[in-house]
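Asker: Can you keep this structure in mind? I'll have questions shortly.
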Amino acid sequence: MSLILDLIFPKKCLNCGSNGQYFCSKCLSTQRYNQPKYINQNSKEGSLSLFHYENIIKKAIFELKYHFVTDIIDELADISATRIKFTFPHLLKYWQDNHFIIVPIPLYITRENWRGFNQSIILGQKIAQNLNLDFCDHTLFRRRHTYTQAKIKDINLRHQNLYQAFYSITPIPKNIILFDDVASSFSTLNSAYQSLNCADSVRCWYLTLAG
Ligand SMILES: [Zn+2]
């Protein structure tokens with residue numbers, strides 16, 4: 001089926017339009033990457049935003065979230081997993097050896113119904129498979145819709161926007177990688193983290209595609 005679709009609608013690079021795939025090697029080679037940041041605050045150990053939020057990655061996330069081009073997901077998950085495997089093998093081994101579980105940031109139900117899917121669930125699941133990590137989307141939930149923090153100027157309103165926006169259901173996995181598509185300030189991930197009531201034995205990483 002996918003072969004037939006490829007013949008009718010050949011894949012084009014999201015950035016330069018060349019035929020063959022959504023992320024051509026030339027455009028991908030100019031995409032800037034980030035390094036892991038070590039946090040070490042309570043049980044938060046670190047964060048990794050794989051790509052700079054720019055160029056082809058920014059276009060891909062926009063096409064996925066607002067034009068619903070879900071066909072992009074496989075390639076996007078592949079390049080993300082490949083980046084982790086080959087650039088941060090020690091971090092990946094640490095996650096694997098300590099049974100870290102990828103937990104996606106949930107959408108509020110009305111948002112998910114509008115879009116028809118939660119991109120963080122589908123991407124997180126595929127990245128987990130690709131990295132040989134477990135995945136869990138039934139422990140963290142969103143109470144209500146929240147707005148993009150960057151669009152809220154008032155500091156009190158920013159706080160209210162995310163205050164208790166998430167809740168969690170036990171049992172909560174021991175070691176967690178909270179996963180989202182984009183994070184600029186990690187405020188959404190911090191709010192989700194707070195809802196997990198992490199005991200000292202729980203270790204947490206933040207992983208996002210871009211930031
Ligand atoms: Zn290209």
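By order of appearance in the structure tokens: chains A, B, ..., then residues from 1 within every chain, and ligands from 1 in the order shown.
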Ile56 (chain A): which residues within 8 Å, counting only C-alpha atoms, same-chain residues fewer than 5 positions away excluded, as a list in words?
Answerer: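 The contact residues come out as Leu14, Asn15, Phe23, Cys27, Leu28 and Gln31 of chain A.
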Asker: Save out the residues we just selected, N, CA, C and O atoms, as a PDB file, in the first residue's frame.
Answerer:
ATOM      1  N   LEU A  14      11.125  17.826   2.925  1.00  0.00           N
ATOM      2  CA  LEU A  14      10.314  18.922   3.467  1.00  0.00           C
ATOM      3  C   LEU A  14      11.011  20.269   3.349  1.00  0.00           C
ATOM      4  O   LEU A  14      10.381  21.311   3.422  1.00  0.00           O
ATOM      5  N   ASN A  15      12.321  20.241   3.171  1.00  0.00           N
ATOM      6  CA  ASN A  15      13.069  21.496   3.119  1.00  0.00           C
ATOM      7  C   ASN A  15      13.386  21.937   1.683  1.00  0.00           C
ATOM      8  O   ASN A  15      13.083  23.051   1.298  1.00  0.00           O
ATOM      9  N   PHE A  23      13.286  13.656   4.667  1.00  0.00           N
ATOM     10  CA  PHE A  23      14.491  14.291   5.209  1.00  0.00           C
ATOM     11  C   PHE A  23      15.660  13.870   4.336  1.00  0.00           C
ATOM     12  O   PHE A  23      16.204  12.785   4.521  1.00  0.00           O
ATOM     13  N   CYS A  27      19.923  18.150   3.545  1.00  0.00           N
ATOM     14  CA  CYS A  27      19.265  19.079   4.482  1.00  0.00           C
ATOM     15  C   CYS A  27      19.486  18.636   5.929  1.00  0.00           C
ATOM     16  O   CYS A  27      19.637  19.465   6.820  1.00  0.00           O
ATOM     17  N   LEU A  28      19.500  17.325   6.127  1.00  0.00           N
ATOM     18  CA  LEU A  28      19.699  16.818   7.491  1.00  0.00           C
ATOM     19  C   LEU A  28      21.104  17.143   7.995  1.00  0.00           C
ATOM     20  O   LEU A  28      21.316  17.381   9.182  1.00  0.00           O
ATOM     21  N   GLN A  31      21.321  20.423   9.741  1.00  0.00           N
ATOM     22  CA  GLN A  31      20.494  20.589  10.949  1.00  0.00           C
ATOM     23  C   GLN A  31      21.381  20.550  12.189  1.00  0.00           C
ATOM     24  O   GLN A  31      22.182  19.638  12.349  1.00  0.00           O
TER      25      GLN A  31
END
Asker: Out of region 69-202 of chain A, which residues get strand (DSSP E) from DSSP, as a PyMOL selection string?
Answerer: chain A and resi 101-104+134-135+140-142+166-168+175-182
Asker: Could you write those residues out with C-alpha atoms, as a compact mmCIF listing (two decimals), in the first residue's frame?
Answerer:
# COMPACT_ATOMS: atom_id res chain seq x y z
CA ILE A 101 10.63 3.72 30.36
CA ILE A 102 9.53 6.34 27.84
CA VAL A 103 6.39 8.16 29.07
CA PRO A 104 4.86 10.57 26.53
CA ASP A 134 9.88 0.14 27.20
CA PHE A 135 7.01 2.55 26.69
CA LEU A 140 0.38 10.21 33.10
CA PHE A 141 -2.73 12.18 32.12
CA ARG A 142 -3.68 15.79 31.43
CA PHE A 166 -1.29 16.75 34.92
CA TYR A 167 -2.04 13.84 37.22
CA SER A 168 -0.59 10.37 37.44
CA ASN A 175 12.94 5.22 35.97
CA ILE A 176 11.28 7.52 33.50
CA ILE A 177 12.07 9.37 30.29
CA LEU A 178 9.37 12.01 29.86
CA PHE A 179 8.99 12.54 26.12
CA ASP A 180 7.55 15.48 24.18
CA ASP A 181 7.91 16.80 20.64
CA VAL A 182 9.12 20.34 21.41
Asker: Let me have all residues with an atom within 12 Å of ligand 1, counting only C-alpha atoms and all ligand atoms, laid out as a list of chain:residue names.
Answerer: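 The neighbouring residues of ligand 1 are, in order, A:Lys11, A:Lys12, A:Cys13, A:Leu14, A:Asn15, A:Cys16, A:Gly17, A:Ser18, A:Asn19, A:Gly20, A:Gln21, A:Tyr22, A:Phe23, A:Cys24, A:Ser25, A:Lys26, A:Cys27, A:Leu28, A:Ser29, A:Thr30, A:Gln31, A:Asn55, A:Ile56, A:Ile57, A:Lys59, A:Ala60.
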Asker: Restricting the calculation to only C-alpha atoms: of A:Tyr193, A:Trp114, A:Trp205, A:Phe186, which residue gets closest to Ala150 (chain A)?
Answerer: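 For Ala150 (chain A), the nearest of the candidates is A:Phe186.
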Asker: Running DSSP on the backbone, which parts of region 25-191 of chain A land in alpha helix (DSSP H), as a PyMOL selection string?
Answerer: chain A and resi 25-29+55-66+73-87+89-97+109-115+119-131+155-162+187-191
Asker: I'd like to know which of A:Tyr206, A:Phe9, A:Phe51, A:Tyr66 is closest to Lys37 (chain A), using only C-alpha atoms.
Answerer: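 The closest residue to Lys37 (chain A) is A:Tyr206.
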Asker: For CA of Tyr38 (chain A) and CA of Ile73 (chain A), quote the distance in Å rounded to one decimal.
Answerer: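 Atom-to-atom, CA of Tyr38 (chain A) to CA of Ile73 (chain A), that is 28.0 Å.
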Asker: Fewer than 6 positions away in the same chain doesn't count, so skip those; otherwise give me all residues within 12 Å of Gln160 (chain A), counting only C-alpha atoms, as number ranges by chain.
Answerer: A: 144-147, 149, 152, 154, 187-188, 191
Asker: Name the residues in contact with Gln129 (chain A) at a cut-off of 10 Å, using only C-alpha atoms, excluding same-chain residues fewer than 6 positions from it; report them as a list of chain:residue names.
Answerer: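 My list of contacting residues is A:Ala77, A:Ala81, A:Leu123, A:Phe135.
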Asker: Under the rule that only C-alpha atoms are counted, which of A:Lys93, A:His52, A:Arg115, A:Lys174 is the nearest residue to Cys136 (chain A)?
Answerer: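 Nearest candidate to Cys136 (chain A) out of A:Lys93, A:His52, A:Arg115, A:Lys174: A:Lys174.
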Asker: Can you check which parts of region 93-166 of chain A lie within 12 Å of region 61-64 of chain A? Per residue, the shortest pair of atoms and distance in Å to one decimal, counting only C-alpha atoms, sorted by chain and number, as JSON lines.
Answerer:
{"residue": "A:Arg115", "atom": "CA", "partner": "A:Leu64", "partner_atom": "CA", "distance": 9.8}
{"residue": "A:Gly116", "atom": "CA", "partner": "A:Leu64", "partner_atom": "CA", "distance": 11.4}
{"residue": "A:Phe117", "atom": "CA", "partner": "A:Leu64", "partner_atom": "CA", "distance": 10.2}
{"residue": "A:Asn118", "atom": "CA", "partner": "A:Leu64", "partner_atom": "CA", "distance": 10.1}
{"residue": "A:Gln119", "atom": "CA", "partner": "A:Leu64", "partner_atom": "CA", "distance": 7.6}
{"residue": "A:Ser120", "atom": "CA", "partner": "A:Ile61", "partner_atom": "CA", "distance": 10.7}
{"residue": "A:Ile122", "atom": "CA", "partner": "A:Leu64", "partner_atom": "CA", "distance": 11.2}
{"residue": "A:Leu123", "atom": "CA", "partner": "A:Leu64", "partner_atom": "CA", "distance": 10.7}
